[in-house]
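See below for structure_34.csv, which holds CSV, C-alpha atoms.
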chain,number,residue,atom,x,y,z
L,13,MET,CA,17.5,21.7,9.9
L,14,ASP,CA,16.8,24.6,7.7
L,15,GLU,CA,15.9,24.4,4.0
L,16,ALA,CA,19.4,25.2,2.7
L,17,ALA,CA,21.0,22.5,5.0
L,18,PHE,CA,18.4,20.0,3.9
L,19,ARG,CA,19.0,20.7,0.2
L,20,GLU,CA,22.7,20.2,0.7
L,21,VAL,CA,22.3,16.9,2.6
L,22,HIS,CA,19.8,15.7,0.0
L,23,ALA,CA,22.2,16.6,-2.8
L,24,GLN,CA,25.0,14.7,-1.2
L,25,THR,CA,23.1,11.6,-0.2
L,26,ALA,CA,19.9,11.0,-2.2
L,27,ARG,CA,21.3,9.4,-5.4
L,28,ARG,CA,23.3,6.7,-3.6
L,29,LEU,CA,20.7,6.1,-0.9
L,30,ARG,CA,18.1,5.6,-3.7
L,31,ALA,CA,20.4,3.2,-5.5
L,32,PHE,CA,20.9,1.3,-2.2
L,33,LEU,CA,17.1,1.1,-1.7
L,34,ILE,CA,16.5,0.0,-5.3
L,35,SER,CA,19.2,-2.7,-4.9
L,36,ALA,CA,17.6,-3.9,-1.7
L,37,LEU,CA,14.0,-3.8,-2.9
L,38,LYS,CA,14.2,-4.4,-6.6
L,39,ASP,CA,11.3,-2.0,-6.9
L,40,PRO,CA,12.1,1.6,-7.9
L,41,PRO,CA,8.7,3.1,-7.0
L,42,LEU,CA,8.8,1.4,-3.6
L,43,ALA,CA,12.4,2.6,-3.2
L,44,ASP,CA,11.3,6.1,-4.0
L,45,ASP,CA,8.6,5.9,-1.3
L,46,LEU,CA,11.0,4.6,1.3
L,47,LEU,CA,13.5,7.2,0.3
L,48,GLN,CA,11.0,9.9,0.9
L,49,GLU,CA,10.0,8.4,4.2
L,50,ALA,CA,13.7,8.3,5.3
L,51,TYR,CA,14.0,12.1,4.5
L,52,ILE,CA,10.8,12.8,6.3
L,53,ARG,CA,12.1,11.0,9.4
L,54,LEU,CA,15.4,13.0,9.0
L,55,LEU,CA,13.5,16.2,9.1
L,56,ARG,CA,11.6,15.1,12.2
L,57,ALA,CA,14.8,14.0,13.9
L,58,ASP,CA,16.8,16.4,16.2
L,59,LEU,CA,20.1,16.4,14.3
L,60,LYS,CA,20.8,20.1,14.1
L,61,ASP,CA,24.4,19.7,15.3
L,62,ALA,CA,25.1,16.5,13.3
L,63,ASN,CA,27.8,16.5,10.6
L,64,ILE,CA,27.2,15.0,7.1
L,65,HIS,CA,28.6,11.6,8.2
L,66,GLN,CA,26.2,11.3,11.1
L,67,VAL,CA,23.3,12.4,8.9
L,68,ARG,CA,24.3,9.9,6.3
L,69,SER,CA,24.5,7.1,8.9
L,70,TYR,CA,21.1,8.2,10.2
L,71,LEU,CA,19.7,8.0,6.7
L,72,TYR,CA,21.1,4.5,6.0
L,73,LYS,CA,20.0,3.2,9.4
L,74,THR,CA,16.5,4.6,8.8
L,75,ALA,CA,16.4,3.1,5.2
L,76,LEU,CA,17.6,-0.3,6.5
L,77,SER,CA,14.9,-0.2,9.1
L,78,LEU,CA,12.3,0.7,6.5
L,79,VAL,CA,13.5,-2.2,4.3
L,80,ALA,CA,13.3,-4.5,7.2
L,81,ASP,CA,9.7,-3.3,8.0
L,82,HIS,CA,8.8,-3.9,4.4
L,83,GLY,CA,10.4,-7.4,4.5
L,84,ARG,CA,8.4,-8.3,7.6
L,85,LYS,CA,5.2,-7.1,5.8
L,86,LEU,CA,6.1,-9.4,2.8
L,87,THR,CA,6.7,-12.3,5.2
L,88,ARG,CA,3.3,-11.8,6.7
L,89,GLN,CA,1.8,-11.7,3.2
L,90,ARG,CA,3.8,-14.8,2.2
L,91,ARG,CA,2.6,-16.7,5.3
L,92,LEU,CA,-1.0,-15.8,4.4
L,93,ARG,CA,-0.5,-17.0,0.8
L,94,GLU,CA,1.1,-20.2,2.1
L,95,SER,CA,-2.0,-20.9,4.2
L,96,LEU,CA,-4.0,-21.0,0.9
L,97,PRO,CA,-4.0,-24.0,-1.4
L,98,GLU,CA,-0.8,-24.2,-3.5
L,99,PRO,CA,-1.0,-23.3,-7.2
L,100,GLU,CA,0.7,-25.5,-9.8
L,101,PRO,CA,4.5,-25.0,-9.9
L,102,ASP,CA,6.0,-22.9,-12.6
L,103,ARG,CA,8.3,-24.6,-15.1
L,104,PRO,CA,12.0,-24.1,-14.3
L,105,ARG,CA,13.7,-21.5,-16.4
L,106,PRO,CA,17.3,-22.1,-17.6
L,107,ASP,CA,20.0,-20.0,-16.0
L,108,LEU,CA,21.5,-18.4,-19.2
L,109,SER,CA,23.7,-15.9,-17.5
L,110,ILE,CA,25.0,-14.7,-14.1
L,111,ASP,CA,22.9,-11.9,-12.9
L,112,MET,CA,24.9,-10.2,-10.2
L,113,GLN,CA,21.9,-8.5,-8.7
L,114,ARG,CA,20.2,-11.9,-8.3
L,115,LEU,CA,23.3,-13.3,-6.6
L,116,PHE,CA,23.6,-10.2,-4.4
L,117,ASP,CA,20.0,-10.8,-3.3
L,118,LYS,CA,21.1,-14.2,-1.9
L,119,LEU,CA,22.9,-12.3,0.9
L,120,ALA,CA,21.1,-11.4,4.1
L,121,PRO,CA,20.0,-7.7,4.2
L,122,ARG,CA,22.7,-6.8,6.7
L,123,GLN,CA,25.4,-8.4,4.5
L,124,GLN,CA,24.0,-6.5,1.5
L,125,ALA,CA,24.1,-3.3,3.5
L,126,LEU,CA,27.7,-4.0,4.7
L,127,LEU,CA,29.0,-4.6,1.2
L,128,TRP,CA,27.1,-1.7,-0.2
L,129,LEU,CA,28.3,0.8,2.3
L,130,ALA,CA,31.9,-0.4,2.2
L,131,TYR,CA,32.3,-0.8,-1.6
L,132,VAL,CA,29.7,1.4,-3.2
L,133,GLU,CA,29.5,4.2,-0.7
L,134,GLY,CA,33.2,3.9,0.4
L,135,ALA,CA,32.1,4.4,4.0
L,136,SER,CA,34.6,4.0,6.8
L,137,HIS,CA,34.3,1.3,9.4
L,138,ARG,CA,33.1,4.0,11.8
L,139,GLU,CA,30.4,5.1,9.4
L,140,ILE,CA,29.3,1.6,8.7
L,141,ALA,CA,29.2,0.9,12.5
L,142,GLY,CA,27.0,3.9,13.0
L,143,ALA,CA,24.7,3.1,10.2
L,144,LEU,CA,24.2,-0.5,11.1
L,145,GLU,CA,24.3,-0.1,14.9
L,146,ILE,CA,27.2,-2.5,15.4
L,147,ARG,CA,30.6,-1.9,17.2
L,148,GLU,CA,33.3,-0.5,15.0
L,149,SER,CA,35.5,-3.4,16.0
L,150,GLY,CA,32.9,-5.8,14.6
L,151,VAL,CA,32.7,-4.2,11.2
L,152,ARG,CA,35.9,-5.8,9.9
L,153,VAL,CA,34.7,-9.3,10.9
L,154,ALA,CA,31.3,-8.7,9.5
L,155,LEU,CA,32.7,-7.5,6.2
L,156,PHE,CA,35.0,-10.5,6.1
L,157,ARG,CA,32.0,-12.9,6.5
L,158,ALA,CA,29.9,-11.0,4.0
L,159,ARG,CA,32.7,-11.2,1.4
L,160,GLY,CA,33.1,-14.9,2.2
L,161,LYS,CA,29.4,-15.5,1.7
L,162,MET,CA,29.4,-13.6,-1.6
L,163,ALA,CA,32.5,-15.6,-2.7
L,164,GLN,CA,30.6,-18.9,-1.9
L,165,ILE,CA,27.6,-17.7,-3.9
L,166,LEU,CA,29.7,-16.8,-6.9
L,167,GLU,CA,31.6,-20.1,-6.8
L,168,LYS,CA,28.3,-22.0,-6.6
L,169,HIS,CA,27.3,-20.2,-9.8
L,170,GLY,CA,30.5,-21.0,-11.7
L,171,TRP,CA,32.7,-18.1,-10.8
L,172,ASN,CA,36.2,-19.0,-9.5
L,173,ALA,CA,37.5,-16.4,-7.0
L,174,GLY,CA,40.9,-16.5,-8.8
L,175,GLU,CA,39.5,-15.8,-12.2
L,176,THR,CA,39.1,-12.5,-13.9
L,177,THR,CA,37.0,-11.8,-16.9

Give the structure from the file, written as structure tokens.
Amino acid sequence: MDEAAFREVHAQTARRLRAFLISALKDPPLADDLLQEAYIRLLRADLKDANIHQVRSYLYKTALSLVADHGRKLTRQRRLRESLPEPEPDRPRPDLSIDMQRLFDKLAPRQQALLWLAYVEGASHREIAGALEIRESGVRVALFRARGKMAQILEKHGWNAGETT
């Protein structure tokens, strides 16, 4: 990929890919690091004949993999902390408002990615299948389940699926 092609791909994908990473990680500096790593991997990949949809799928697949790697690292750190004596528990904080990001975080990473790609990115089922390495025919079912899970989470926190605000 030459410099001009890379600049064009970056211009078309970076803002939303960064937003996805921030949403998944809740840490803008870490999201920026993983965004940079995703583009470095793109430059190292042999995608010279790929169209923008294939490149975007590659970037999201790479970003999702980087998020999963980070999650595994956090899990290892959590297990290490759990092996230490427990500190005194924090006092519970009252839930004063519905924070959609906090509720979105209750979804599994793959469900988050499905909903993000479908409703924020506007990706087709084919693009989602490529990015998440699932069969295109399975995307509809996976999206149905992810939407259902999000509806359960919302209802649990006082939102009725039939209500509008």

Subject >> Distance query stretch 138-144 of chain L at most 9 Å, only C-alpha atoms, self and fewer than 6 positions along chain excluded, as a PyMOL selection string >> reply: chain L and resi 65-66+68-74+76+122+125-126+129-130+150-151

Original post:
Counting all atoms listed in the file, which of L:Leu29, L:Ala120, L:Ala62, L:Ala135 gets nearest to L:Leu46?
Top reply: L:Leu29

Original post:
In Å, with one decimal, what is the gap from atom CA of L:Lys85 to atom CA of L:Leu37?
Top reply: 12.8 Å

Subject >> Which residue of L:Val67, L:Leu92, L:Val153, L:Ile146 approaches L:Arg53 most closely, using all atoms listed in the file >> reply: L:Val67

Original post:
Any idea what the distance is between atom CA of L:Arg27 and atom CA of L:Tyr51?
Top reply: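 Atom-to-atom, atom CA of L:Arg27 to atom CA of L:Tyr51, that is 12.6 Å.
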
Subject >> Ref. answer, residues at most 9 Å from (20.4, -4.0, -5.2) with all atoms listed in the file, as a list in words >> reply: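 Nearby residues: Ala31, Phe32, Leu33, Ile34, Ser35, Ala36, Leu37, Lys38, Gln113, Arg114, Phe116, Asp117, Gln124 and Trp128 of chain L.
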
Original post:
To one decimal place, how far is atom CA of L:Thr87 from atom CA of L:Gln123 in Å?
Top reply: 19.1 Å

**OP:** Show which residues sit within 12 Å of L:His22, as a PyMOL selection string. Count only C-alpha atoms, and ignore same-chain residues fewer than 3 positions away.
**Re:** chain L and resi 13+15-19+25-30+47-48+50-52+54-55+64+67-68+71

Closest pair table for stretch 26-123 of chain L residues within 9 Å of stretch 160-171 of chain L, all atoms listed in the file, as CSV:
residue,atom,partner,partner_atom,distance
L:Ile110,CA,L:His169,CA,7.4
L:Met112,CA,L:Leu166,CA,8.8
L:Leu115,CA,L:Ile165,CA,6.7
L:Phe116,CA,L:Met162,CA,7.3
L:Lys118,CA,L:Ile165,CA,7.6
L:Leu119,CA,L:Met162,CA,7.1
L:Gln123,CA,L:Lys161,CA,8.6
